[in-house]
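Raw contents of final-v4.txt, compact mmCIF, C-alpha atoms:
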# COMPACT_ATOMS: atom_id res chain seq x y z
CA MET A 1 -48.41 -108.70 146.86
CA ASP A 2 -46.94 -108.63 150.33
CA ILE A 3 -49.38 -106.79 152.57
CA SER A 4 -47.07 -107.03 155.59
CA LYS A 5 -45.40 -103.90 154.22
CA TYR A 6 -48.50 -101.89 155.05
CA GLY A 7 -49.67 -100.36 158.29
CA ILE A 8 -52.70 -101.85 160.06
CA ARG A 9 -55.12 -99.37 158.55
CA ILE A 10 -54.01 -100.18 155.03
CA LYS A 11 -54.21 -103.92 155.66
CA GLU A 12 -57.80 -103.56 156.76
CA LYS A 13 -58.54 -101.61 153.63
CA ILE A 14 -57.07 -104.35 151.48
CA ILE A 15 -59.34 -106.90 153.12
CA ALA A 16 -62.36 -104.60 152.90
CA GLU A 17 -61.82 -103.64 149.30
CA THR A 18 -63.69 -105.79 146.81
CA LYS A 19 -62.06 -104.32 143.72
CA PRO A 20 -58.71 -106.04 143.14
CA ARG A 21 -55.75 -103.78 143.73
CA PRO A 22 -53.53 -103.54 140.64
CA SER A 23 -50.37 -105.60 140.65
CA SER A 24 -47.26 -103.55 141.11
CA ASN A 25 -43.50 -103.68 141.43
CA ASP A 26 -41.32 -102.82 144.42
CA VAL A 27 -40.67 -99.23 143.32
CA ASP A 28 -44.42 -98.58 143.03
CA GLU A 29 -44.97 -100.10 146.46
CA GLU A 30 -42.24 -97.94 147.97
CA LEU A 31 -43.54 -94.79 146.31
CA PHE A 32 -47.06 -95.59 147.44
CA ASN A 33 -45.84 -96.17 151.01
CA PHE A 34 -43.87 -92.93 150.91
CA ILE A 35 -46.95 -90.99 149.73
CA LYS A 36 -49.07 -92.49 152.52
CA ARG A 37 -46.41 -92.07 155.21
CA CYS A 38 -45.94 -88.38 154.37
CA GLY A 39 -49.66 -87.74 154.61
CA TYR A 40 -50.20 -86.76 150.98
CA ASN A 41 -53.92 -86.78 150.30
CA PHE A 42 -54.41 -85.10 146.92
CA GLY A 43 -52.70 -86.46 143.80
CA VAL A 44 -52.70 -84.77 140.41
CA LYS A 45 -51.59 -86.95 137.54
CA PHE A 46 -51.09 -87.13 133.84
CA PRO A 47 -50.96 -90.58 132.21
CA CYS A 48 -47.51 -92.24 132.08
CA SER A 49 -46.60 -95.79 131.06
CA ILE A 50 -43.97 -96.13 133.80
CA LEU A 51 -46.21 -94.84 136.59
CA LYS A 52 -49.47 -96.47 135.49
CA ASP A 53 -49.52 -99.19 138.15
CA LEU A 54 -48.86 -96.65 140.87
CA TYR A 55 -51.77 -94.62 139.49
CA GLY A 56 -53.97 -97.69 139.86
CA MET A 57 -52.88 -98.10 143.48
CA LEU A 58 -53.59 -94.44 144.26
CA GLU A 59 -57.04 -94.54 142.71
CA TRP A 60 -57.78 -97.59 144.77
CA ASP A 61 -56.95 -95.69 147.97
CA ASN A 62 -60.00 -93.93 149.43
CA ASP A 63 -57.97 -91.44 151.47
CA ILE A 64 -56.27 -89.90 148.46
CA LYS A 65 -58.23 -87.76 146.03
CA VAL A 66 -56.78 -88.33 142.56
CA VAL A 67 -57.36 -85.89 139.70
CA THR A 68 -56.28 -86.52 136.11
CA VAL A 69 -55.56 -83.37 134.12
CA THR A 70 -55.34 -82.65 130.38
CA ARG A 71 -51.96 -80.92 130.60
CA GLU A 72 -49.35 -80.70 133.33
CA GLU A 73 -49.53 -76.91 133.63
CA GLU A 74 -53.22 -77.25 134.45
CA GLY A 75 -52.18 -79.71 137.17
CA ILE A 76 -49.97 -77.06 138.78
CA GLY A 77 -53.11 -74.92 139.17
CA VAL A 78 -55.23 -77.78 140.53
CA SER A 79 -52.50 -78.76 143.04
CA ALA A 80 -52.06 -75.15 144.14
CA GLY A 81 -55.83 -74.85 144.71
CA ALA A 82 -55.86 -78.04 146.79
CA TYR A 83 -52.95 -76.74 148.87
CA LEU A 84 -54.67 -73.39 149.47
CA ALA A 85 -57.70 -75.36 150.64
CA GLY A 86 -55.64 -77.25 153.22
CA LYS A 87 -54.75 -80.46 151.38
CA ARG A 88 -51.29 -81.94 151.00
CA PRO A 89 -50.95 -82.34 147.23
CA PHE A 90 -48.42 -84.06 145.00
CA MET A 91 -48.11 -84.49 141.26
CA LEU A 92 -47.15 -87.52 139.18
CA ILE A 93 -46.18 -86.75 135.59
CA GLN A 94 -43.53 -87.44 132.96
CA SER A 95 -40.54 -85.13 133.09
CA SER A 96 -41.48 -83.73 129.65
CA GLY A 97 -44.50 -82.20 131.38
CA LEU A 98 -42.21 -79.99 133.46
CA GLY A 99 -41.40 -78.23 130.20
CA ASN A 100 -45.12 -77.47 129.86
CA SER A 101 -45.27 -76.10 133.38
CA PHE A 102 -42.32 -73.81 134.05
CA ASN A 103 -44.16 -70.50 133.99
CA ALA A 104 -46.83 -71.83 136.33
CA ILE A 105 -44.21 -73.25 138.70
CA ALA A 106 -42.50 -69.84 138.75
CA SER A 107 -45.43 -67.42 138.73
CA LEU A 108 -47.80 -69.46 140.90
CA LEU A 109 -45.92 -71.95 143.13
CA LYS A 110 -42.76 -69.93 143.65
CA THR A 111 -44.46 -66.54 143.80
CA TYR A 112 -46.88 -67.62 146.56
CA LYS A 113 -44.46 -70.13 148.12
CA ILE A 114 -46.65 -73.19 147.63
CA PRO A 115 -44.89 -76.50 148.37
CA ILE A 116 -45.95 -79.06 145.77
CA LEU A 117 -43.95 -82.26 145.40
CA ILE A 118 -43.67 -83.07 141.69
CA LEU A 119 -42.68 -86.68 141.08
CA ALA A 120 -41.73 -87.11 137.44
CA SER A 121 -40.63 -90.20 135.55
CA TYR A 122 -37.36 -89.05 134.03
CA ARG A 123 -37.46 -89.30 130.24
CA GLY A 124 -34.58 -88.66 127.87
CA HIS A 125 -32.04 -89.54 130.52
CA TYR A 126 -31.29 -93.27 130.43
CA ASN A 127 -31.83 -95.84 127.65
CA GLU A 128 -34.33 -93.51 126.00
CA LYS A 129 -35.91 -94.99 122.87
CA ILE A 130 -37.90 -91.91 121.82
CA PRO A 131 -35.68 -89.26 120.17
CA ALA A 132 -38.16 -86.48 120.95
CA GLN A 133 -37.64 -87.03 124.69
CA ILE A 134 -33.88 -86.45 124.56
CA PRO A 135 -33.44 -82.67 124.09
CA LEU A 136 -35.57 -81.69 127.09
CA GLY A 137 -34.35 -84.65 129.15
CA ARG A 138 -30.76 -83.50 128.71
CA ALA A 139 -31.53 -79.86 129.41
CA LEU A 140 -33.78 -80.46 132.40
CA PRO A 141 -31.24 -80.42 135.28
CA GLY A 142 -29.78 -77.14 133.96
CA MET A 143 -33.25 -75.67 133.56
CA LEU A 144 -34.29 -76.64 137.08
CA ASP A 145 -31.03 -75.20 138.43
CA ALA A 146 -31.52 -71.96 136.51
CA MET A 147 -35.03 -71.64 137.90
CA GLU A 148 -33.83 -72.42 141.42
CA ILE A 149 -36.23 -75.33 141.74
CA PRO A 150 -34.70 -77.89 144.13
CA PHE A 151 -34.62 -81.33 142.51
CA LEU A 152 -33.46 -84.83 143.22
CA VAL A 153 -32.53 -87.48 140.64
CA LEU A 154 -33.26 -90.99 141.92
CA GLU A 155 -31.33 -93.69 140.07
CA GLU A 156 -30.64 -96.46 142.59
CA ASN A 157 -33.20 -96.30 145.38
CA LEU A 158 -35.78 -94.08 147.01
CA GLU A 159 -33.91 -93.55 150.25
CA PRO A 160 -33.20 -89.81 149.85
CA LEU A 161 -36.89 -89.09 149.18
CA GLU A 162 -38.13 -88.56 152.70
CA ALA A 163 -35.37 -86.11 153.74
CA PHE A 164 -35.97 -84.21 150.48
CA CYS A 165 -39.66 -84.00 151.26
CA VAL A 166 -38.97 -82.65 154.77
CA LYS A 167 -36.76 -79.98 153.18
CA MET A 168 -39.60 -79.04 150.83
CA PHE A 169 -42.03 -78.36 153.67
CA ARG A 170 -39.37 -76.41 155.56
CA ASN A 171 -38.68 -74.22 152.50
CA SER A 172 -42.35 -74.04 151.45
CA GLU A 173 -41.40 -74.25 147.78
CA PRO A 174 -42.11 -76.61 144.90
CA HIS A 175 -39.61 -79.49 144.69
CA VAL A 176 -39.06 -81.93 141.81
CA VAL A 177 -38.08 -85.60 141.99
CA LEU A 178 -36.85 -87.21 138.78
CA LEU A 179 -37.41 -90.97 138.82
CA SER A 180 -34.88 -92.57 136.49
CA PRO A 181 -35.83 -95.75 134.55
CA GLU A 182 -32.77 -97.33 136.25
CA LEU A 183 -34.83 -97.54 139.44
CA TYR A 184 -37.13 -100.04 137.80
CA GLU A 185 -34.30 -102.21 136.38
CA ASN A 186 -33.23 -104.00 139.54
CA GLU A 187 -36.56 -105.63 140.19
CA MET B 1 -72.34 -53.55 131.03
CA ASN B 2 -68.58 -53.43 131.43
CA ARG B 3 -66.56 -55.93 133.44
CA ARG B 4 -66.27 -53.70 136.51
CA ARG B 5 -70.05 -53.45 136.66
CA ALA B 6 -70.37 -57.21 136.15
CA ILE B 7 -67.92 -57.90 139.01
CA GLN B 8 -69.86 -55.43 141.18
CA ILE B 9 -73.12 -57.27 140.45
CA ILE B 10 -71.53 -60.66 141.16
CA MET B 11 -69.95 -59.47 144.43
CA ASP B 12 -73.29 -58.00 145.56
CA GLN B 13 -74.61 -61.59 145.62
CA ILE B 14 -71.55 -63.06 147.34
CA GLU B 15 -71.70 -63.80 151.06
CA ASP B 16 -69.05 -66.18 152.37
CA GLU B 17 -68.15 -67.85 149.07
CA ILE B 18 -64.53 -68.32 148.07
CA VAL B 19 -63.62 -66.18 145.04
CA VAL B 20 -60.67 -66.80 142.70
CA SER B 21 -59.93 -64.08 140.17
CA ASN B 22 -58.00 -64.13 136.92
CA ILE B 23 -54.67 -62.35 136.43
CA GLY B 24 -54.58 -58.71 135.35
CA ASP B 25 -57.38 -56.17 135.39
CA PRO B 26 -60.09 -58.55 136.76
CA SER B 27 -58.06 -59.05 139.96
CA LYS B 28 -57.33 -55.33 140.23
CA GLU B 29 -61.03 -54.53 139.73
CA LEU B 30 -62.14 -57.13 142.25
CA TYR B 31 -59.65 -55.74 144.77
CA LYS B 32 -61.04 -52.25 144.28
CA ILE B 33 -64.70 -53.32 144.30
CA LYS B 34 -64.60 -55.67 147.27
CA ASP B 35 -61.34 -56.76 148.83
CA ARG B 36 -61.80 -59.61 151.30
CA SER B 37 -59.53 -62.31 152.62
CA ARG B 38 -61.65 -64.99 150.95
CA ASN B 39 -60.57 -63.60 147.54
CA PHE B 40 -57.58 -65.22 145.87
CA TYR B 41 -56.05 -62.80 143.37
CA MET B 42 -53.96 -64.45 140.70
CA LEU B 43 -50.85 -62.42 139.99
CA GLY B 44 -49.33 -64.71 137.36
CA SER B 45 -49.93 -68.12 135.71
CA MET B 46 -52.41 -66.82 133.14
CA GLY B 47 -55.06 -69.41 132.36
CA LEU B 48 -55.02 -71.23 135.67
CA ALA B 49 -57.86 -69.47 137.56
CA SER B 50 -60.32 -72.25 136.70
CA SER B 51 -57.77 -74.94 137.64
CA ILE B 52 -56.99 -73.34 141.01
CA SER B 53 -60.76 -73.08 141.59
CA LEU B 54 -61.18 -76.77 140.76
CA GLY B 55 -58.46 -77.73 143.26
CA ILE B 56 -60.21 -75.70 145.97
CA ALA B 57 -63.71 -76.92 145.07
CA LEU B 58 -62.62 -80.58 145.26
CA SER B 59 -61.07 -79.97 148.69
CA LYS B 60 -63.74 -77.84 150.40
CA SER B 61 -67.51 -78.06 150.75
CA GLU B 62 -68.34 -74.36 150.43
CA ASN B 63 -69.08 -72.62 147.13
CA VAL B 64 -66.17 -71.48 144.99
CA VAL B 65 -66.70 -68.73 142.42
CA CYS B 66 -64.12 -68.35 139.67
CA LEU B 67 -63.90 -65.06 137.80
CA ASP B 68 -62.15 -66.00 134.56
CA GLY B 69 -61.64 -64.17 131.28
CA ASP B 70 -62.01 -65.18 127.64
CA GLY B 71 -58.31 -64.88 126.83
CA ALA B 72 -57.29 -66.78 129.95
CA LEU B 73 -59.80 -69.59 129.41
CA LEU B 74 -58.69 -69.91 125.76
CA MET B 75 -55.22 -70.55 127.15
CA ASN B 76 -56.39 -73.51 129.25
CA LEU B 77 -59.41 -74.98 127.41
CA GLY B 78 -58.59 -78.48 128.67
CA SER B 79 -59.65 -77.21 132.09
CA LEU B 80 -63.28 -77.13 130.90
CA ALA B 81 -63.08 -80.88 130.16
CA THR B 82 -61.41 -81.67 133.50
CA ILE B 83 -63.88 -79.60 135.51
CA ALA B 84 -66.95 -81.00 133.73
CA ASN B 85 -65.73 -84.58 134.24
CA TYR B 86 -65.05 -84.14 137.98
CA ASN B 87 -68.28 -82.12 138.23
CA PRO B 88 -67.79 -80.35 141.59
CA LYS B 89 -71.28 -79.18 142.65
CA ASN B 90 -69.84 -76.25 144.59
CA LEU B 91 -68.09 -74.54 141.68
CA VAL B 92 -69.47 -71.61 139.68
CA LEU B 93 -67.23 -70.77 136.74
CA ILE B 94 -67.94 -67.26 135.48
CA VAL B 95 -66.29 -66.11 132.26
CA LEU B 96 -66.24 -62.36 131.81
CA ASP B 97 -65.97 -62.26 128.03
CA ASN B 98 -64.97 -58.92 126.51
CA GLY B 99 -63.72 -60.55 123.32
CA SER B 100 -60.29 -59.12 123.86
CA TYR B 101 -57.03 -59.12 125.77
CA GLY B 102 -58.02 -56.06 127.76
CA THR B 103 -55.07 -55.87 130.13
CA THR B 104 -52.57 -55.77 127.27
CA GLY B 105 -54.38 -53.15 125.16
CA ASN B 106 -57.62 -54.65 123.85
CA GLN B 107 -56.19 -56.89 121.15
CA PRO B 108 -59.16 -58.99 119.90
CA SER B 109 -59.47 -62.57 121.17
CA PHE B 110 -61.10 -65.34 119.12
CA THR B 111 -64.32 -65.04 121.10
CA SER B 112 -64.89 -61.84 119.11
CA GLY B 113 -64.56 -64.08 116.03
CA THR B 114 -66.09 -67.51 115.57
CA THR B 115 -65.51 -69.01 119.02
CA ASP B 116 -68.31 -69.41 121.59
CA LEU B 117 -67.11 -70.34 125.08
CA GLY B 118 -70.67 -71.15 126.26
CA LYS B 119 -71.04 -73.80 123.54
CA MET B 120 -67.59 -75.06 124.38
CA ALA B 121 -68.52 -75.51 128.04
CA ARG B 122 -71.66 -77.45 127.02
CA ALA B 123 -69.64 -79.61 124.64
CA CYS B 124 -67.20 -80.39 127.46
CA GLY B 125 -70.06 -81.63 129.64
CA PHE B 126 -71.24 -78.62 131.68
CA GLU B 127 -74.99 -79.19 132.13
CA HIS B 128 -75.93 -75.94 133.86
CA CYS B 129 -74.90 -73.09 131.58
CA TYR B 130 -76.20 -69.55 131.63
CA SER B 131 -75.39 -66.61 129.45
CA SER B 132 -76.02 -62.98 130.13
CA THR B 133 -75.63 -59.79 128.21
CA ASP B 134 -77.38 -57.47 130.67
CA GLU B 135 -77.47 -56.84 134.40
CA GLU B 136 -80.82 -58.50 135.04
CA GLU B 137 -79.77 -61.76 133.35
CA LEU B 138 -76.48 -61.72 135.23
CA VAL B 139 -78.14 -61.37 138.64
CA LYS B 140 -80.50 -64.28 137.81
CA ALA B 141 -77.64 -66.48 136.62
CA VAL B 142 -75.45 -65.74 139.64
CA VAL B 143 -78.31 -66.37 142.10
CA ARG B 144 -79.04 -69.72 140.44
CA GLY B 145 -75.38 -70.64 140.23
CA LEU B 146 -74.85 -69.92 143.93
CA ASN B 147 -78.01 -71.66 145.15
CA ASP B 148 -78.66 -74.61 142.85
CA ASN B 149 -75.91 -76.93 144.14
CA ASN B 150 -74.78 -77.76 140.61
CA LEU B 151 -71.58 -77.15 138.74
CA SER B 152 -72.44 -74.12 136.64
CA PHE B 153 -70.94 -72.03 133.89
CA ILE B 154 -71.95 -68.41 133.45
CA HIS B 155 -70.93 -66.74 130.21
CA VAL B 156 -71.08 -62.96 130.69
CA ILE B 157 -70.72 -60.78 127.62
CA VAL B 158 -69.17 -57.48 128.68
CA LYS B 159 -68.03 -54.36 126.84
CA GLN B 160 -64.38 -53.69 126.10
CA ASP B 161 -63.66 -51.03 128.66
CA ASN B 162 -60.34 -51.32 130.43
CA ILE B 163 -59.07 -48.35 132.37
CA LYS B 164 -55.58 -48.08 133.78
CA MET B 165 -55.51 -49.54 137.27
CA SER B 166 -52.80 -50.03 139.83
CA PRO B 167 -51.74 -53.55 140.84
CA VAL B 168 -53.17 -55.29 143.91
CA PRO B 169 -51.01 -53.71 146.65
CA ILE B 170 -50.63 -56.85 148.78
CA GLU B 171 -47.59 -59.15 148.83
CA PRO B 172 -48.28 -62.60 147.34
CA ILE B 173 -47.33 -64.44 150.54
CA THR B 174 -49.65 -62.19 152.58
CA LEU B 175 -52.47 -62.84 150.08
CA LYS B 176 -51.90 -66.58 150.39
CA ASN B 177 -51.69 -66.59 154.17
CA ARG B 178 -54.80 -64.53 154.80
CA PHE B 179 -56.71 -66.61 152.22
CA MET B 180 -55.64 -69.91 153.76
CA GLU B 181 -56.39 -68.71 157.29
CA THR B 182 -59.93 -67.65 156.35
CA ILE B 183 -61.18 -70.45 154.15

Written form, structure tokens:
Amino acid sequence: MDISKYGIRIKEKIIAETKPRPSSNDVDEELFNFIKRCGYNFGVKFPCSILKDLYGMLEWDNDIKVVTVTREEEGIGVSAGAYLAGKRPFMLIQSSGLGNSFNAIASLLKTYKIPILILASYRGHYNEKIPAQIPLGRALPGMLDAMEIPFLVLEENLEPLEAFCVKMFRNSEPHVVLLSPELYENE
Amino acid sequence: MNRRRAIQIIMDQIEDEIVVSNIGDPSKELYKIKDRSRNFYMLGSMGLASSISLGIALSKSENVVCLDGDGALLMNLGSLATIANYNPKNLVLIVLDNGSYGTTGNQPSFTSGTTDLGKMARACGFEHCYSSTDEEELVKAVVRGLNDNNLSFIHVIVKQDNIKMSPVPIEPITLKNRFMETI
């Protein structure tokens, strides 16, 4: 792991921390840095095989409260509560979990204008091995469009992420980022 | 004791606690009984009152009181497991159980059948559970819940007694802003 990527504060934490930080790839490192740089301090997650190393990194970080939920829709509620209480929350889930969450995104986040950044590993989109992931994966962009939920599909790099995040805070609305498996191919 | 009376009794004990109320008649009743900017009225997302309360309780040090219903909690039972595992000491989860979907016309819920939400909370890991069927028990449970500095679950059995009420007459964004500015 190259700690030169981190700010001073993070470096000190790495030295101070006795528990080994999980190994990770470049995409995880970049996502982690993005989360820290944007001041996110409350993460709500549901287990995901693609994001598991990033989860480990987040749990290791003392400045970010991480909550695991039993279902993504529940996570929308927990994130909304954290936002109302002054935190800057984000979610990390699989894209299938958006299907479990649409009413809550509409009737809670959109109704009250609560900006939650939902980072979702994009299933059913590229080289998908699980047939059950494909129908929702294919429909998802159309569904997000129909619900007027701004979203970004990241396939090559994470560059557009920060500008998208700025837009989210300006609009004070939930925004979705779909992380394609292609991102993790060029490592 | 009907739910309006139960909410009245609970609010009589409330000082500066944060209160989150379930969608439908409970929010309308709370608004009518004691509107305050530290109340968050849910207007949609049925089932998520306890989850919103958990998010607040994990982010703030003051007490958070959640007024949930049996039908709503049945919709999000996983929340009991999540809350019990994170165990926020400043959260009091109150379920006003009328055994029915009162807002939609008193269709029976499964808590009027074989399901016991108090046992379910215990099984999920809640250690401080109270149940009340009358006003005296409810006052005792609420006082303990608010003062004991433990995650607690209060199961309140109330009568089916929904009257037609008008919606909370405040815009959602206004509700959010005044809530966030006060807490």

Suppose you want the space between atom CA of Trp60 of chain A and atom CA of Val44 of chain A; what is it in Å? 14.5 Å

If you count all atoms listed in the file, which residues fall within 12 Å of Arg3 of chain B, apart from same-chain ones fewer than 4 positions away, as a VMD selection string? chain B and resid 7 to 10 25 to 30 33 67 to 70 94 to 100 102 to 103 133 to 135 138 156 to 163

Write out, as a short mmCIF file (atom, residue, chain, number, x, y, z; two decimals), in the frame of the given file, the residues just selected, with C-alpha atoms.
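Okay, result-v9.cif is ready:
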data_model
loop_
_atom_site.label_atom_id
_atom_site.label_comp_id
_atom_site.auth_asym_id
_atom_site.auth_seq_id
_atom_site.Cartn_x
_atom_site.Cartn_y
_atom_site.Cartn_z
CA ILE B 7 -67.92 -57.90 139.01
CA GLN B 8 -69.86 -55.43 141.18
CA ILE B 9 -73.12 -57.27 140.45
CA ILE B 10 -71.53 -60.66 141.16
CA ASP B 25 -57.38 -56.17 135.39
CA PRO B 26 -60.09 -58.55 136.76
CA SER B 27 -58.06 -59.05 139.96
CA LYS B 28 -57.33 -55.33 140.23
CA GLU B 29 -61.03 -54.53 139.73
CA LEU B 30 -62.14 -57.13 142.25
CA ILE B 33 -64.70 -53.32 144.30
CA LEU B 67 -63.90 -65.06 137.80
CA ASP B 68 -62.15 -66.00 134.56
CA GLY B 69 -61.64 -64.17 131.28
CA ASP B 70 -62.01 -65.18 127.64
CA ILE B 94 -67.94 -67.26 135.48
CA VAL B 95 -66.29 -66.11 132.26
CA LEU B 96 -66.24 -62.36 131.81
CA ASP B 97 -65.97 -62.26 128.03
CA ASN B 98 -64.97 -58.92 126.51
CA GLY B 99 -63.72 -60.55 123.32
CA SER B 100 -60.29 -59.12 123.86
CA GLY B 102 -58.02 -56.06 127.76
CA THR B 103 -55.07 -55.87 130.13
CA THR B 133 -75.63 -59.79 128.21
CA ASP B 134 -77.38 -57.47 130.67
CA GLU B 135 -77.47 -56.84 134.40
CA LEU B 138 -76.48 -61.72 135.23
CA VAL B 156 -71.08 -62.96 130.69
CA ILE B 157 -70.72 -60.78 127.62
CA VAL B 158 -69.17 -57.48 128.68
CA LYS B 159 -68.03 -54.36 126.84
CA GLN B 160 -64.38 -53.69 126.10
CA ASP B 161 -63.66 -51.03 128.66
CA ASN B 162 -60.34 -51.32 130.43
CA ILE B 163 -59.07 -48.35 132.37
#

Please measure the separation of atom CA of Asp116 of chain B and atom CA of Ser50 of chain B, giving the value in Å to one decimal. 17.3 Å

Identify every residue of chain B that has at least one atom within 12 Å of any atom of chain A, counting all atoms listed in the file, and report the result as a CSV table (one decimal) with C-alpha atoms, keeping the file's coordinate frame.
chain,number,residue,atom,x,y,z
B,18,ILE,CA,-64.5,-68.3,148.1
B,19,VAL,CA,-63.6,-66.2,145.0
B,20,VAL,CA,-60.7,-66.8,142.7
B,23,ILE,CA,-54.7,-62.4,136.4
B,38,ARG,CA,-61.6,-65.0,151.0
B,39,ASN,CA,-60.6,-63.6,147.5
B,40,PHE,CA,-57.6,-65.2,145.9
B,41,TYR,CA,-56.0,-62.8,143.4
B,42,MET,CA,-54.0,-64.4,140.7
B,43,LEU,CA,-50.8,-62.4,140.0
B,44,GLY,CA,-49.3,-64.7,137.4
B,45,SER,CA,-49.9,-68.1,135.7
B,46,MET,CA,-52.4,-66.8,133.1
B,47,GLY,CA,-55.1,-69.4,132.4
B,48,LEU,CA,-55.0,-71.2,135.7
B,49,ALA,CA,-57.9,-69.5,137.6
B,50,SER,CA,-60.3,-72.2,136.7
B,51,SER,CA,-57.8,-74.9,137.6
B,52,ILE,CA,-57.0,-73.3,141.0
B,53,SER,CA,-60.8,-73.1,141.6
B,54,LEU,CA,-61.2,-76.8,140.8
B,55,GLY,CA,-58.5,-77.7,143.3
B,56,ILE,CA,-60.2,-75.7,146.0
B,57,ALA,CA,-63.7,-76.9,145.1
B,58,LEU,CA,-62.6,-80.6,145.3
B,59,SER,CA,-61.1,-80.0,148.7
B,60,LYS,CA,-63.7,-77.8,150.4
B,61,SER,CA,-67.5,-78.1,150.8
B,62,GLU,CA,-68.3,-74.4,150.4
B,64,VAL,CA,-66.2,-71.5,145.0
B,66,CYS,CA,-64.1,-68.4,139.7
B,73,LEU,CA,-59.8,-69.6,129.4
B,75,MET,CA,-55.2,-70.6,127.2
B,76,ASN,CA,-56.4,-73.5,129.2
B,77,LEU,CA,-59.4,-75.0,127.4
B,78,GLY,CA,-58.6,-78.5,128.7
B,79,SER,CA,-59.6,-77.2,132.1
B,80,LEU,CA,-63.3,-77.1,130.9
B,81,ALA,CA,-63.1,-80.9,130.2
B,82,THR,CA,-61.4,-81.7,133.5
B,83,ILE,CA,-63.9,-79.6,135.5
B,84,ALA,CA,-67.0,-81.0,133.7
B,85,ASN,CA,-65.7,-84.6,134.2
B,86,TYR,CA,-65.0,-84.1,138.0
B,87,ASN,CA,-68.3,-82.1,138.2
B,88,PRO,CA,-67.8,-80.4,141.6
B,170,ILE,CA,-50.6,-56.8,148.8
B,171,GLU,CA,-47.6,-59.2,148.8
B,172,PRO,CA,-48.3,-62.6,147.3
B,173,ILE,CA,-47.3,-64.4,150.5
B,174,THR,CA,-49.6,-62.2,152.6
B,175,LEU,CA,-52.5,-62.8,150.1
B,176,LYS,CA,-51.9,-66.6,150.4
B,177,ASN,CA,-51.7,-66.6,154.2
B,178,ARG,CA,-54.8,-64.5,154.8
B,179,PHE,CA,-56.7,-66.6,152.2
B,180,MET,CA,-55.6,-69.9,153.8
B,181,GLU,CA,-56.4,-68.7,157.3
B,182,THR,CA,-59.9,-67.6,156.4
B,183,ILE,CA,-61.2,-70.4,154.2

Enter the distance from atom CA of Ile149 of chain A to atom CA of Asp61 of chain A, in Å, rounded to one decimal.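 If I compute the distance from atom CA of Ile149 of chain A to atom CA of Asp61 of chain A, I get 29.7 Å.
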
List as a PDB file with C-alpha atoms, in the frame of the given file the protein and nucleic acid residues near Leu154 of chain A, meaning an atom at most 12 Å away when only C-alpha atoms are counted, but skip any in the same chain fewer than 5 places from it.
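Wrote out.pdb, looks like this:
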ATOM      1  CA  VAL A  27     -40.670 -99.230 143.320  1.00  0.00           C
ATOM      2  CA  LEU A  31     -43.540 -94.790 146.310  1.00  0.00           C
ATOM      3  CA  LEU A 119     -42.680 -86.680 141.080  1.00  0.00           C
ATOM      4  CA  ALA A 120     -41.730 -87.110 137.440  1.00  0.00           C
ATOM      5  CA  SER A 121     -40.630 -90.200 135.550  1.00  0.00           C
ATOM      6  CA  TYR A 122     -37.360 -89.050 134.030  1.00  0.00           C
ATOM      7  CA  HIS A 125     -32.040 -89.540 130.520  1.00  0.00           C
ATOM      8  CA  TYR A 126     -31.290 -93.270 130.430  1.00  0.00           C
ATOM      9  CA  GLU A 159     -33.910 -93.550 150.250  1.00  0.00           C
ATOM     10  CA  PRO A 160     -33.200 -89.810 149.850  1.00  0.00           C
ATOM     11  CA  LEU A 161     -36.890 -89.090 149.180  1.00  0.00           C
ATOM     12  CA  PHE A 164     -35.970 -84.210 150.480  1.00  0.00           C
ATOM     13  CA  VAL A 176     -39.060 -81.930 141.810  1.00  0.00           C
ATOM     14  CA  VAL A 177     -38.080 -85.600 141.990  1.00  0.00           C
ATOM     15  CA  LEU A 178     -36.850 -87.210 138.780  1.00  0.00           C
ATOM     16  CA  LEU A 179     -37.410 -90.970 138.820  1.00  0.00           C
ATOM     17  CA  SER A 180     -34.880 -92.570 136.490  1.00  0.00           C
ATOM     18  CA  PRO A 181     -35.830 -95.750 134.550  1.00  0.00           C
ATOM     19  CA  GLU A 182     -32.770 -97.330 136.250  1.00  0.00           C
ATOM     20  CA  LEU A 183     -34.830 -97.540 139.440  1.00  0.00           C
ATOM     21  CA  TYR A 184     -37.130-100.040 137.800  1.00  0.00           C
TER      22      TYR A 184
END

Can you tell me, as JSON, numbers by chain, what residues are no more than 9 Å from Leu92 of chain A when counting all atoms listed in the file, ignoring any on the same chain fewer than 2 positions away? {"A": [43, 44, 45, 46, 47, 48, 51, 55, 90, 94, 117, 118, 119, 120, 121]}

Can you write out the residues you just picked, keeping C-alpha atoms, as a compact mmCIF listing (two decimals), in the frame of the given file?
# COMPACT_ATOMS: atom_id res chain seq x y z
CA GLY A 43 -52.70 -86.46 143.80
CA VAL A 44 -52.70 -84.77 140.41
CA LYS A 45 -51.59 -86.95 137.54
CA PHE A 46 -51.09 -87.13 133.84
CA PRO A 47 -50.96 -90.58 132.21
CA CYS A 48 -47.51 -92.24 132.08
CA LEU A 51 -46.21 -94.84 136.59
CA TYR A 55 -51.77 -94.62 139.49
CA PHE A 90 -48.42 -84.06 145.00
CA GLN A 94 -43.53 -87.44 132.96
CA LEU A 117 -43.95 -82.26 145.40
CA ILE A 118 -43.67 -83.07 141.69
CA LEU A 119 -42.68 -86.68 141.08
CA ALA A 120 -41.73 -87.11 137.44
CA SER A 121 -40.63 -90.20 135.55

Nearby residues, (-31.5, -85.9, 131.7) file frame, 8 Å, only C-alpha atoms, as a PyMOL selection string: chain A and resi 122-126+134+136-141

Neighbour list for Glu127 of chain B as number ranges by chain, cut-off 12 Å, only C-alpha atoms, skip fewer than 2 positions in-chain: B: 80, 83-85, 87-89, 118-125, 129-130, 145, 150-154

Applying 8 Å and all atoms listed in the file, which residues near Pro115 of chain A remain after dropping the ones on its own chain fewer than 3 positions away? List them as JSON, numbers by chain. {"A": [109, 168, 169, 171, 172, 173, 174, 175]}
